[in-house]
$ cat entry.txt   # compact mmCIF, C-alpha atoms
# COMPACT_ATOMS: atom_id res chain seq x y z
CA MET A 1 -56.17 57.82 25.68
CA LYS A 2 -53.26 56.18 27.54
CA LYS A 3 -52.62 54.03 24.48
CA VAL A 4 -52.46 57.09 22.23
CA ILE A 5 -49.97 58.83 24.53
CA ALA A 6 -47.82 55.69 24.66
CA ALA A 7 -47.78 55.45 20.85
CA ILE A 8 -46.76 59.11 20.47
CA ALA A 9 -44.01 58.66 23.05
CA ALA A 10 -42.71 55.57 21.25
CA LEU A 11 -42.64 57.41 17.92
CA THR A 12 -40.79 60.33 19.52
CA LEU A 13 -38.14 58.00 20.89
CA MET A 14 -37.67 56.30 17.52
CA MET A 15 -37.05 59.48 15.54
CA PRO A 16 -33.41 60.11 16.65
CA LEU A 17 -32.59 56.47 15.91
CA ALA A 18 -34.00 56.76 12.38
CA GLY A 19 -31.63 59.71 11.74
CA CYS A 20 -28.56 57.41 12.20
CA GLY A 21 -29.15 55.70 8.79
CA ASN A 22 -28.79 59.04 6.93
CA LYS A 23 -25.55 60.39 8.39
CA GLU A 24 -23.84 63.15 6.44
CA VAL A 25 -20.34 62.30 5.20
CA ASP A 26 -17.96 64.92 3.89
CA ALA A 27 -16.52 63.05 0.89
CA THR A 28 -13.66 65.49 0.33
CA LYS A 29 -12.64 65.39 3.99
CA VAL A 30 -12.63 61.58 4.09
CA ALA A 31 -10.56 61.39 0.91
CA THR A 32 -8.09 64.01 2.16
CA GLU A 33 -7.70 62.32 5.54
CA LEU A 34 -6.98 59.03 3.82
CA LEU A 35 -4.53 60.70 1.46
CA ASN A 36 -2.62 62.34 4.28
CA ASN A 37 -2.69 59.60 6.89
CA ALA A 38 -3.08 56.18 5.28
CA SER A 39 -0.08 54.22 3.96
CA PHE A 40 0.58 54.22 0.25
CA ALA A 41 3.50 52.94 -1.82
CA GLU A 42 3.88 56.23 -3.64
CA THR A 43 2.46 59.73 -3.78
CA LEU A 44 -1.06 59.67 -5.13
CA THR A 45 -2.27 62.20 -7.70
CA GLU A 46 -5.73 63.69 -7.77
CA VAL A 47 -7.97 62.20 -10.45
CA ASN A 48 -10.54 64.17 -12.36
CA GLU A 49 -14.19 63.35 -11.58
CA GLN A 50 -14.99 62.64 -15.25
CA VAL A 51 -12.15 60.15 -15.45
CA THR A 52 -13.34 58.40 -12.29
CA LYS A 53 -16.94 58.20 -13.53
CA LYS A 54 -15.80 56.80 -16.86
CA ARG A 55 -13.43 54.34 -15.24
CA LEU A 56 -16.24 53.01 -13.05
CA ASP A 57 -18.94 53.36 -15.68
CA LEU A 58 -21.08 55.62 -13.51
CA ASP A 59 -23.85 57.86 -14.77
CA ASP A 60 -23.57 61.60 -14.22
CA ASP A 61 -26.84 61.75 -12.35
CA GLU A 62 -25.82 59.19 -9.73
CA VAL A 63 -22.70 61.06 -8.63
CA ILE A 64 -23.34 64.01 -6.34
CA MET A 65 -19.70 64.49 -5.47
CA CYS A 66 -16.48 62.60 -6.11
CA ALA A 67 -12.98 62.77 -4.67
CA ALA A 68 -10.33 60.40 -6.04
CA PHE A 69 -6.57 59.91 -5.90
CA LYS A 70 -4.45 57.33 -7.68
CA GLY A 71 -0.84 56.19 -8.05
CA THR A 72 0.96 55.32 -11.29
CA SER A 73 0.25 52.02 -13.01
CA ALA A 74 3.11 50.55 -11.00
CA VAL A 75 0.80 50.29 -7.98
CA VAL A 76 -2.89 49.71 -7.24
CA ASP A 77 -2.95 52.24 -4.41
CA GLU A 78 -6.05 54.35 -4.77
CA ILE A 79 -8.76 56.35 -2.99
CA ILE A 80 -12.25 56.86 -4.39
CA VAL A 81 -14.96 58.53 -2.34
CA ILE A 82 -18.33 59.07 -4.01
CA LYS A 83 -21.38 60.76 -2.59
CA THR A 84 -24.17 59.20 -4.60
CA THR A 85 -27.89 58.85 -5.18
CA ASP A 86 -27.46 55.10 -5.61
CA THR A 87 -25.05 53.54 -3.15
CA GLU A 88 -25.98 50.04 -4.26
CA ASP A 89 -24.96 50.63 -7.88
CA VAL A 90 -21.75 52.46 -7.00
CA GLU A 91 -20.78 49.75 -4.54
CA GLU A 92 -21.37 47.06 -7.16
CA LYS A 93 -19.34 48.99 -9.75
CA LEU A 94 -16.47 49.28 -7.29
CA TYR A 95 -16.46 45.52 -6.71
CA GLU A 96 -16.38 45.02 -10.48
CA TYR A 97 -13.51 47.50 -10.70
CA VAL A 98 -11.51 45.63 -8.07
CA ASP A 99 -12.13 42.36 -9.93
CA SER A 100 -10.91 43.94 -13.15
CA GLN A 101 -7.82 45.36 -11.45
CA THR A 102 -7.07 41.99 -9.88
CA GLU A 103 -7.27 40.25 -13.24
CA GLN A 104 -4.93 42.78 -14.82
CA TYR A 105 -2.37 42.81 -12.06
CA GLU A 106 -2.28 39.04 -11.62
CA SER A 107 -0.24 38.93 -14.82
CA TYR A 108 1.20 42.46 -14.81
CA ARG A 109 2.35 42.87 -11.20
CA PRO A 110 1.30 39.94 -9.01
CA SER A 111 2.91 41.57 -5.95
CA GLU A 112 0.15 44.19 -6.02
CA VAL A 113 -2.73 41.72 -5.86
CA PRO A 114 -2.74 41.32 -2.03
CA LYS A 115 -3.49 45.04 -1.72
CA LEU A 116 -6.54 44.56 -3.89
CA GLU A 117 -7.63 41.56 -1.85
CA ASP A 118 -7.33 43.66 1.30
CA SER A 119 -8.89 46.77 -0.20
CA LEU A 120 -11.84 48.43 1.53
CA ILE A 121 -15.23 49.16 0.04
CA THR A 122 -17.60 50.61 2.62
CA VAL A 123 -20.92 52.44 2.51
CA GLU A 124 -21.39 55.26 5.00
CA GLY A 125 -24.75 56.93 4.64
CA ASP A 126 -25.01 58.19 1.07
CA THR A 127 -21.28 57.82 0.45
CA VAL A 128 -19.32 54.89 -0.87
CA ILE A 129 -15.64 54.75 0.01
CA TYR A 130 -12.92 52.68 -1.69
CA CYS A 131 -9.36 52.50 -0.53
CA ALA A 132 -6.52 50.22 -1.67
CA SER A 133 -3.44 50.84 0.45
CA GLU A 134 -0.53 49.17 2.17
CA ASP A 135 -2.38 49.04 5.51
CA SER A 136 -6.11 48.43 5.30
CA VAL A 137 -6.52 48.40 9.11
CA LYS A 138 -5.15 51.91 9.36
CA ALA A 139 -7.31 53.01 6.44
CA MET A 140 -10.41 51.60 8.14
CA GLU A 141 -9.61 53.49 11.34
CA ILE A 142 -9.34 56.74 9.39
CA ILE A 143 -12.65 56.10 7.66
CA THR A 144 -14.36 55.28 10.96
CA GLU A 145 -12.99 58.42 12.63
CA ASN A 146 -14.28 60.59 9.82
CA THR A 147 -17.67 59.04 9.31
CA SER A 148 -18.92 58.09 12.76
CA LYS A 149 -20.24 61.54 13.80
CA MET B 1 38.05 48.36 -134.78
CA ASN B 2 35.90 45.86 -136.54
CA GLN B 3 32.31 45.00 -135.80
CA LYS B 4 33.17 42.17 -133.56
CA GLU B 5 35.46 44.20 -131.49
CA ARG B 6 32.99 47.03 -131.39
CA LEU B 7 30.27 44.68 -130.20
CA GLU B 8 32.54 43.29 -127.58
CA GLU B 9 33.34 46.79 -126.45
CA ILE B 10 29.67 47.66 -126.43
CA HIS B 11 28.87 44.53 -124.46
CA LYS B 12 31.70 45.26 -122.16
CA ARG B 13 30.46 48.73 -121.67
CA HIS B 14 26.98 47.46 -121.13
CA GLU B 15 28.24 45.10 -118.54
CA GLU B 16 30.13 47.86 -116.87
CA ILE B 17 27.13 50.08 -117.00
CA GLN B 18 24.93 47.31 -115.69
CA LYS B 19 27.41 46.53 -113.09
CA LYS B 20 27.47 50.13 -112.08
CA ARG B 21 23.73 50.19 -112.15
CA ARG B 22 23.55 47.08 -110.06
CA ILE B 23 25.94 48.59 -107.61
CA ARG B 24 24.06 51.85 -107.63
CA ASN B 25 20.75 50.12 -107.22
CA HIS B 26 22.16 47.96 -104.51
CA ARG B 27 23.33 51.04 -102.74
CA ILE B 28 19.99 52.70 -103.21
CA ILE B 29 18.23 49.70 -101.83
CA LEU B 30 20.58 49.55 -98.91
CA ALA B 31 20.11 53.21 -98.27
CA ALA B 32 16.38 52.88 -98.51
CA ALA B 33 16.42 49.89 -96.25
CA ALA B 34 18.56 51.75 -93.79
CA ALA B 35 16.29 54.71 -93.96
CA ALA B 36 13.27 52.54 -93.49
CA ALA B 37 14.91 50.77 -90.61
CA LEU B 38 15.85 54.05 -89.06
CA ALA B 39 12.36 55.36 -89.53
CA LEU B 40 10.95 52.24 -88.03
CA LEU B 41 13.32 52.49 -85.12
CA ILE B 42 12.32 56.07 -84.56
CA VAL B 43 8.68 55.14 -84.65
CA ILE B 44 9.15 52.21 -82.30
CA THR B 45 11.19 54.33 -79.90
CA ALA B 46 8.62 57.08 -79.92
CA VAL B 47 5.82 54.66 -79.23
CA SER B 48 7.77 52.95 -76.46
CA VAL B 49 8.72 56.17 -74.74
CA ASN B 50 5.15 57.31 -74.88
CA ALA B 51 3.94 54.04 -73.45
CA ILE B 52 6.54 54.08 -70.68
CA SER B 53 5.76 57.68 -69.80
CA LYS B 54 2.12 56.88 -69.65
CA HIS B 55 2.82 53.86 -67.46
CA ILE B 56 4.99 55.89 -65.12
CA ALA B 57 2.40 58.61 -64.91
CA GLU B 58 -0.32 56.10 -64.14
CA LYS B 59 1.86 54.40 -61.53
CA ARG B 60 2.67 57.71 -59.88
CA ALA B 61 -0.98 58.60 -59.89
CA ARG B 62 -1.81 55.27 -58.23
CA GLU B 63 0.96 55.72 -55.67
CA THR B 64 -0.14 59.23 -54.94
CA GLU B 65 -3.70 58.04 -54.48
CA ILE B 66 -2.62 55.25 -52.17
CA ALA B 67 -0.36 57.56 -50.19
CA ALA B 68 -3.12 60.10 -49.90
CA GLN B 69 -5.46 57.43 -48.62
CA ALA B 70 -2.88 56.04 -46.19
CA THR B 71 -1.47 59.20 -44.73
CA PRO B 72 -3.25 62.33 -45.61
CA SER B 73 -1.29 65.51 -45.37
CA PRO B 74 -2.12 67.82 -42.51
CA GLU B 75 -4.85 70.31 -43.33
CA PRO B 76 -2.79 73.28 -44.51
CA ALA B 77 -5.63 75.69 -44.03
CA LYS B 78 -5.84 75.00 -40.29
CA GLU B 79 -2.97 76.78 -38.57
CA ILE B 80 -2.38 75.78 -34.99
CA HIS B 81 -0.70 78.23 -32.73
CA ILE B 82 1.18 76.20 -30.17
CA ASP B 83 2.71 77.59 -27.03
CA PRO B 84 5.77 75.35 -26.62
CA ASN B 85 5.33 75.33 -22.85
CA VAL B 86 1.65 74.48 -22.74
CA ILE B 87 0.05 71.21 -23.81
CA SER B 88 -2.01 72.23 -26.80
CA GLU B 89 -5.70 71.40 -26.93
CA ASP B 90 -5.70 72.30 -30.62
CA TYR B 91 -2.97 69.77 -31.31
CA TYR B 92 -4.36 66.95 -29.17
CA GLY B 93 -8.05 67.79 -29.15
CA THR B 94 -9.16 65.37 -31.87
CA SER B 95 -6.73 62.61 -31.02
CA ALA B 96 -6.84 59.06 -29.77
CA PHE B 97 -4.32 57.22 -27.67
CA ILE B 98 -4.14 53.45 -27.81
CA GLY B 99 -1.75 51.41 -25.71
CA ASN B 100 -0.40 50.16 -22.45
CA SER B 101 0.06 51.61 -18.95
CA PHE B 102 1.75 54.67 -20.39
CA ALA B 103 -1.50 55.53 -22.19
CA ASP B 104 -3.55 54.56 -19.16
CA ASP B 105 -1.59 56.90 -16.89
CA LEU B 106 -1.90 59.71 -19.45
CA TYR B 107 -5.65 59.21 -19.20
CA THR B 108 -5.58 59.22 -15.41
CA TYR B 109 -3.69 62.51 -15.26
CA SER B 110 -6.22 64.23 -17.58
CA LEU B 111 -3.42 66.04 -19.40
CA VAL B 112 -5.34 65.74 -22.67
CA PRO B 113 -8.95 65.87 -21.47
CA ASN B 114 -10.62 65.93 -24.89
CA ALA B 115 -8.72 63.03 -26.43
CA ASP B 116 -10.05 59.48 -26.43
CA PHE B 117 -8.13 56.75 -24.70
CA PHE B 118 -8.14 53.04 -25.46
CA ALA B 119 -5.68 51.78 -22.91
CA ARG B 120 -5.06 49.03 -20.46
CA THR B 121 -2.21 48.37 -18.08
CA GLY B 122 -0.28 45.36 -19.30
CA LEU B 123 -1.63 45.56 -22.85
CA SER B 124 0.57 44.07 -25.58
CA VAL B 125 0.28 44.33 -29.36
CA ASP B 126 -1.21 40.87 -29.79
CA ASP B 127 -3.84 41.43 -27.09
CA ALA B 128 -4.72 44.79 -28.62
CA LEU B 129 -5.28 43.13 -32.00
CA GLU B 130 -6.81 39.81 -31.02
CA GLY B 131 -8.27 40.31 -27.56
CA ASP B 132 -7.36 38.42 -24.43
CA GLY B 133 -9.61 35.70 -23.10
CA ASP B 134 -13.10 37.17 -22.89
CA LYS B 135 -11.87 40.70 -23.59
CA GLU B 136 -12.65 42.15 -27.00
CA PRO B 137 -9.73 43.49 -29.04
CA ILE B 138 -9.15 47.04 -27.90
CA VAL B 139 -8.28 48.12 -31.45
CA GLY B 140 -11.94 47.60 -32.37
CA GLU B 141 -12.91 50.47 -30.05
CA LEU B 142 -11.36 52.86 -32.56
CA ASP B 143 -14.18 51.93 -34.92
CA ASN B 144 -16.65 54.30 -33.27
CA GLY B 145 -17.57 56.68 -36.05
CA LYS B 146 -15.19 59.42 -34.90
CA ASP B 147 -12.58 61.00 -37.16
CA TYR B 148 -9.29 61.36 -35.33
CA ASP B 149 -6.69 63.77 -36.73
CA ARG B 150 -3.98 61.93 -34.83
CA ILE B 151 -3.69 58.45 -33.34
CA PHE B 152 -0.87 57.86 -30.87
CA MET B 153 0.15 54.23 -30.45
CA ILE B 154 2.06 53.29 -27.31
CA PHE B 155 3.38 49.74 -27.19
CA GLY B 156 6.57 47.85 -26.51
CA GLU B 157 7.18 47.92 -22.78
CA ASN B 158 5.24 44.72 -22.17
CA GLU B 159 6.88 42.98 -25.11
CA LEU B 160 10.51 43.53 -24.06
CA GLY B 161 10.61 40.04 -22.59
CA TRP B 162 9.47 38.31 -25.78
CA VAL B 163 11.96 35.69 -26.96
CA ASP B 164 12.03 36.98 -30.55
CA PRO B 165 11.89 40.75 -31.20
CA GLY B 166 10.87 39.84 -34.74
CA THR B 167 7.53 38.71 -33.37
CA PHE B 168 7.01 42.17 -31.89
CA ASN B 169 7.92 43.67 -35.28
CA ASP B 170 5.44 41.47 -37.13
CA GLU B 171 2.55 41.83 -34.68
CA TYR B 172 2.97 45.56 -34.20
CA GLY B 173 3.03 45.86 -37.98
CA GLU B 174 -0.29 44.01 -38.17
CA LEU B 175 -1.77 46.21 -35.47
CA ILE B 176 -0.71 49.37 -37.30
CA ASP B 177 -2.27 48.02 -40.51
CA LYS B 178 -5.51 47.40 -38.64
CA VAL B 179 -5.53 50.91 -37.20
CA LYS B 180 -4.96 52.32 -40.71
CA GLU B 181 -7.78 50.21 -42.03
CA ILE B 182 -10.19 51.51 -39.35
CA CYS B 183 -8.97 55.11 -39.49
CA PRO B 184 -7.52 55.67 -42.98
CA GLU B 185 -7.59 59.47 -42.67
CA SER B 186 -5.68 59.68 -39.39
CA ARG B 187 -2.02 60.45 -39.03
CA ILE B 188 -0.41 57.74 -36.93
CA TYR B 189 2.33 58.34 -34.39
CA LEU B 190 4.37 55.47 -32.94
CA LEU B 191 5.80 56.50 -29.60
CA ALA B 192 9.21 55.24 -28.55
CA ILE B 193 9.46 53.19 -25.38
CA THR B 194 10.73 55.47 -22.64
CA PRO B 195 13.89 54.59 -20.69
CA VAL B 196 14.02 53.16 -17.19
CA THR B 197 16.33 54.25 -14.40
CA LYS B 198 19.86 52.83 -14.31
CA LYS B 199 18.94 50.79 -11.25
CA SER B 200 15.97 49.21 -13.02
CA SER B 201 18.02 48.66 -16.13
CA ASP B 202 20.68 46.86 -14.10
CA GLU B 203 18.00 44.75 -12.38
CA ASN B 204 16.83 43.72 -15.86
CA ILE B 205 13.51 42.26 -14.74
CA ASN B 206 11.66 40.70 -17.72
CA VAL B 207 14.47 41.97 -20.00
CA THR B 208 13.56 45.53 -19.12
CA ASN B 209 16.83 47.35 -19.65
CA ASN B 210 17.77 50.36 -21.69
CA ASP B 211 19.80 48.47 -24.31
CA ARG B 212 16.78 46.30 -25.04
CA ILE B 213 14.53 49.37 -25.08
CA ARG B 214 16.78 51.05 -27.64
CA GLU B 215 16.77 47.88 -29.75
CA TYR B 216 12.98 47.85 -29.73
CA ASN B 217 12.86 51.56 -30.51
CA GLU B 218 14.85 50.87 -33.68
CA ILE B 219 12.18 48.35 -34.63
CA ILE B 220 9.46 50.93 -33.96
CA LYS B 221 11.34 53.55 -35.96
CA THR B 222 11.67 51.23 -38.95
CA LEU B 223 8.00 50.30 -38.72
CA ALA B 224 7.08 53.97 -38.75
CA SER B 225 9.07 54.47 -41.94
CA GLU B 226 7.56 51.39 -43.59
CA LYS B 227 4.00 52.25 -42.57
CA ASN B 228 4.15 55.97 -43.37
CA ALA B 229 3.73 56.84 -39.71
CA VAL B 230 5.59 59.30 -37.48
CA TYR B 231 8.17 57.99 -35.02
CA ALA B 232 7.81 60.12 -31.89
CA ASP B 233 11.07 59.88 -29.96
CA VAL B 234 9.79 60.40 -26.43
CA TYR B 235 12.78 58.38 -25.21
CA SER B 236 14.89 61.48 -25.88
CA ALA B 237 12.27 63.66 -24.22
CA VAL B 238 12.90 62.15 -20.78
CA ALA B 239 16.32 60.47 -20.83
CA ASP B 240 19.31 61.95 -18.99
CA LYS B 241 22.72 62.37 -20.63
CA ASP B 242 23.49 58.68 -20.08
CA GLY B 243 20.26 57.52 -21.70
CA ASN B 244 18.55 56.55 -18.44
CA LEU B 245 15.39 57.78 -16.79
CA PRO B 246 16.59 60.23 -14.12
CA VAL B 247 16.73 59.02 -10.54
CA GLY B 248 13.56 59.99 -8.70
CA ALA B 249 11.39 60.17 -11.80
CA ALA B 250 9.62 56.89 -11.02
CA THR B 251 9.25 55.05 -7.71
CA ASP B 252 9.55 51.70 -9.47
CA GLY B 253 12.13 52.99 -11.93
CA VAL B 254 9.76 52.52 -14.85
CA HIS B 255 6.44 54.33 -14.42
CA PHE B 256 7.01 58.03 -14.03
CA GLY B 257 4.59 60.64 -12.78
CA LYS B 258 2.60 63.48 -14.25
CA GLU B 259 5.56 65.83 -14.74
CA TYR B 260 7.27 63.44 -17.15
CA TYR B 261 4.09 62.78 -19.12
CA GLU B 262 3.87 66.54 -19.60
CA LYS B 263 7.43 66.51 -20.96
CA CYS B 264 6.47 63.80 -23.45
CA LEU B 265 3.36 65.59 -24.67
CA LEU B 266 5.21 68.88 -25.08
CA TYR B 267 8.03 67.12 -26.93
CA ILE B 268 5.62 65.57 -29.40
CA GLN B 269 3.65 68.71 -30.16
CA ASN B 270 6.84 70.78 -30.50
CA ASN B 271 8.65 68.35 -32.80
CA TYR B 272 6.11 66.59 -34.98
CA GLU B 273 3.35 67.96 -37.15

$ encode --input "entry.txt" --output "structure tokens"
Amino acid sequence: MKKVIAAIAALTLMMPLAGCGNKEVDATKVATELLNNASFAETLTEVNEQVTKKRLDLDDDEVIMCAAFKGTSAVVDEIIVIKTTDTEDVEEKLYEYVDSQTEQYESYRPSEVPKLEDSLITVEGDTVIYCASEDSVKAMEIITENTSK
Amino acid sequence: MNQKERLEEIHKRHEEIQKKRRIRNHRIILAAAAAAALALLIVITAVSVNAISKHIAEKRARETEIAAQATPSPEPAKEIHIDPNVISEDYYGTSAFIGNSFADDLYTYSLVPNADFFARTGLSVDDALEGDGDKEPIVGELDNGKDYDRIFMIFGENELGWVDPGTFNDEYGELIDKVKEICPESRIYLLAITPVTKKSSDENINVTNNDRIREYNEIIKTLASEKNAVYADVYSAVADKDGNLPVGAATDGVHFGKEYYEKCLLYIQNNYE
């Protein structure tokens, strides 16, 4: 009997901890906070969800919600926040995207490559966040502030 | 007059008559020969004219056929109502854009959401035609089974620094030929290279200055004429009175934002069929 009570108590204690791996992230809020407070070389323009999915080669059914902003081709500054059913695939596609951008800009605008090398790709719950900016430390602080609760 | 004299007179008269006859016959023969020659000449001329006319007609028919295959006329039955201040979906709906960062930014801004884009920042005409390293030639992506009414080609900015502009002329010409081969029914538009700001022009990085841009635009314009394509002068769509991109249009002096792409699209639809 004592062993059963102890097991139930242990399970009860574990439940709140299990909830931490499934935190809810407001993709639009994170993207907007980055847009307004991170450092970018120029004003970023909102990018259509279809364009973002096509650019990253994502399937429709793996994207629950998407918020993206991008500069002109003169810069690599960009924000992509995707709430997804498959964080692993989206994360991998973002790494491939950064590799592709790096290859292009190595010959086109080498001065932009350090921003790609310092760019952030982070998974927060069911959301994958990408940010290439002029200050990745600041961008990471903004992401942490808006995803830790 | 005795017999002898009479005979002599008769012979003389005979000779005269024969002479006259000979002359007359000679004249008849000459006349006949002339007539025959004239007739022959008439016949030969008639035959030649007929042959030449037939040849010309056949040549025109061949040229017309080739021209029809190369650049079909717009469908007269389909009238497009275009609001000059709104980017027309009817005009751009069944279009493709192939080119460099200009095309890539157009895609990013979703100004023509139903068009297809085959674009890459930094793309040049030779890379588009032959591929680059392990990348497949982007021109091959046009071969996808779709019929495009219009194909907009945007090249030149990345080739301004080439040592010989003639190379750009030759390679762009080959690329256009390839596009025509893949999409023989499409009308092709060659967009001018847009100007840069005066500051960027003065900096002249990689020979990017407005004099050089205008020189290349003359090459593009000539190519359009030679290849039966449309030269779309988007340089004029965005340039200020001095031929520069206005200050503030682009943070790097070269790549402008959404507003200027809208100007270009409106300029094209309002000026070119």

$ atom_distance --input "entry.txt" --atom1 "atom CA of B:Tyr189" --atom2 "atom CA of B:Cys264"
12.9 Å

$ closest_residue --input "entry.txt" --among "B:Ile42, B:Asp134, B:Tyr107, B:Tyr260" --to "A:Lys54" --atoms "only C-alpha atoms"
B:Tyr107

$ residues_around --input "entry.txt" --residues "A:Leu116" --least-positions-apart "5" --cutoff "8 Å" --atoms "all atoms listed in the file" --output "PDB file with C-alpha atoms, in the frame of the given file"
ATOM      1  CA  VAL A  76      -2.890  49.710  -7.240  1.00  0.00           C
ATOM      2  CA  VAL A  98     -11.510  45.630  -8.070  1.00  0.00           C
ATOM      3  CA  GLN A 101      -7.820  45.360 -11.450  1.00  0.00           C
ATOM      4  CA  THR A 102      -7.070  41.990  -9.880  1.00  0.00           C
ATOM      5  CA  ALA A 132      -6.520  50.220  -1.670  1.00  0.00           C
TER       6      ALA A 132
END

$ interface_residues --input "entry.txt" --of "chain B" --to "chain A" --cutoff "9 Å" --atoms "all atoms listed in the file" --output "PyMOL selection string"
chain B and resi 101-102+104-105+107-110+113+120-122+158+250-252+254-258

$ closest_residue --input "entry.txt" --among "A:Lys53, A:Lys115, A:Lys93, A:Lys83" --to "A:Met65" --atoms "all atoms listed in the file"
A:Lys83

$ closest_residue --input "entry.txt" --among "B:Gly243, B:Tyr216, B:Phe168, B:Glu89" --to "B:Leu266" --atoms "only C-alpha atoms"
B:Glu89

$ atom_distance --input "entry.txt" --atom1 "atom CA of B:Ala229" --atom2 "atom CA of B:Leu190"
6.9 Å

$ decode --input "entry.txt" --residues "stretch 67-120 of chain A" --atoms "C-alpha atoms" --output "mmCIF file, in the first residue's frame"
data_model
loop_
_atom_site.group_PDB
_atom_site.id
_atom_site.type_symbol
_atom_site.label_atom_id
_atom_site.label_comp_id
_atom_site.auth_asym_id
_atom_site.auth_seq_id
_atom_site.Cartn_x
_atom_site.Cartn_y
_atom_site.Cartn_z
ATOM 1 C CA ALA A 67 5.449 34.448 -39.932
ATOM 2 C CA ALA A 68 8.340 35.684 -42.085
ATOM 3 C CA PHE A 69 10.093 38.937 -42.930
ATOM 4 C CA LYS A 70 12.941 39.540 -45.357
ATOM 5 C CA GLY A 71 15.164 42.311 -46.698
ATOM 6 C CA THR A 72 16.088 42.932 -50.342
ATOM 7 C CA SER A 73 18.660 40.713 -52.029
ATOM 8 C CA ALA A 74 21.296 43.193 -50.917
ATOM 9 C CA VAL A 75 21.213 41.658 -47.428
ATOM 10 C CA VAL A 76 20.609 38.265 -45.820
ATOM 11 C CA ASP A 77 18.666 39.736 -42.905
ATOM 12 C CA GLU A 78 15.600 37.625 -42.328
ATOM 13 C CA ILE A 79 13.100 36.279 -39.797
ATOM 14 C CA ILE A 80 11.231 33.005 -40.229
ATOM 15 C CA VAL A 81 9.068 31.598 -37.452
ATOM 16 C CA ILE A 82 7.172 28.385 -38.178
ATOM 17 C CA LYS A 83 4.782 26.542 -35.922
ATOM 18 C CA THR A 84 4.982 23.014 -37.254
ATOM 19 C CA THR A 85 3.955 19.391 -36.896
ATOM 20 C CA ASP A 86 7.517 18.319 -37.657
ATOM 21 C CA THR A 87 10.156 20.462 -35.998
ATOM 22 C CA GLU A 88 12.928 18.100 -37.061
ATOM 23 C CA ASP A 89 12.183 18.467 -40.771
ATOM 24 C CA VAL A 90 11.695 22.230 -40.619
ATOM 25 C CA GLU A 91 14.918 22.649 -38.667
ATOM 26 C CA GLU A 92 16.818 20.565 -41.217
ATOM 27 C CA LYS A 93 15.323 22.559 -44.113
ATOM 28 C CA LEU A 94 16.398 25.790 -42.446
ATOM 29 C CA TYR A 95 19.980 24.553 -42.136
ATOM 30 C CA GLU A 96 19.901 23.639 -45.820
ATOM 31 C CA TYR A 97 18.538 27.092 -46.603
ATOM 32 C CA VAL A 98 21.345 28.779 -44.696
ATOM 33 C CA ASP A 99 23.898 26.623 -46.545
ATOM 34 C CA SER A 100 22.352 27.621 -49.856
ATOM 35 C CA GLN A 101 22.341 31.303 -48.912
ATOM 36 C CA THR A 102 25.959 31.090 -47.802
ATOM 37 C CA GLU A 103 26.997 29.550 -51.109
ATOM 38 C CA GLN A 104 25.204 32.262 -53.061
ATOM 39 C CA TYR A 105 26.470 35.180 -51.045
ATOM 40 C CA GLU A 106 30.063 33.974 -50.891
ATOM 41 C CA SER A 107 30.369 35.099 -54.501
ATOM 42 C CA TYR A 108 27.583 37.692 -54.632
ATOM 43 C CA ARG A 109 28.137 39.665 -51.411
ATOM 44 C CA PRO A 110 30.840 38.108 -49.217
ATOM 45 C CA SER A 111 30.333 40.817 -46.574
ATOM 46 C CA GLU A 112 26.947 39.257 -45.763
ATOM 47 C CA VAL A 113 28.293 35.782 -45.043
ATOM 48 C CA PRO A 114 29.243 36.446 -41.366
ATOM 49 C CA LYS A 115 25.576 37.192 -40.636
ATOM 50 C CA LEU A 116 24.659 33.788 -41.993
ATOM 51 C CA GLU A 117 27.384 32.144 -39.942
ATOM 52 C CA ASP A 118 26.012 33.854 -36.837
ATOM 53 C CA SER A 119 22.374 33.257 -37.685
ATOM 54 C CA LEU A 120 20.089 31.556 -35.164
#
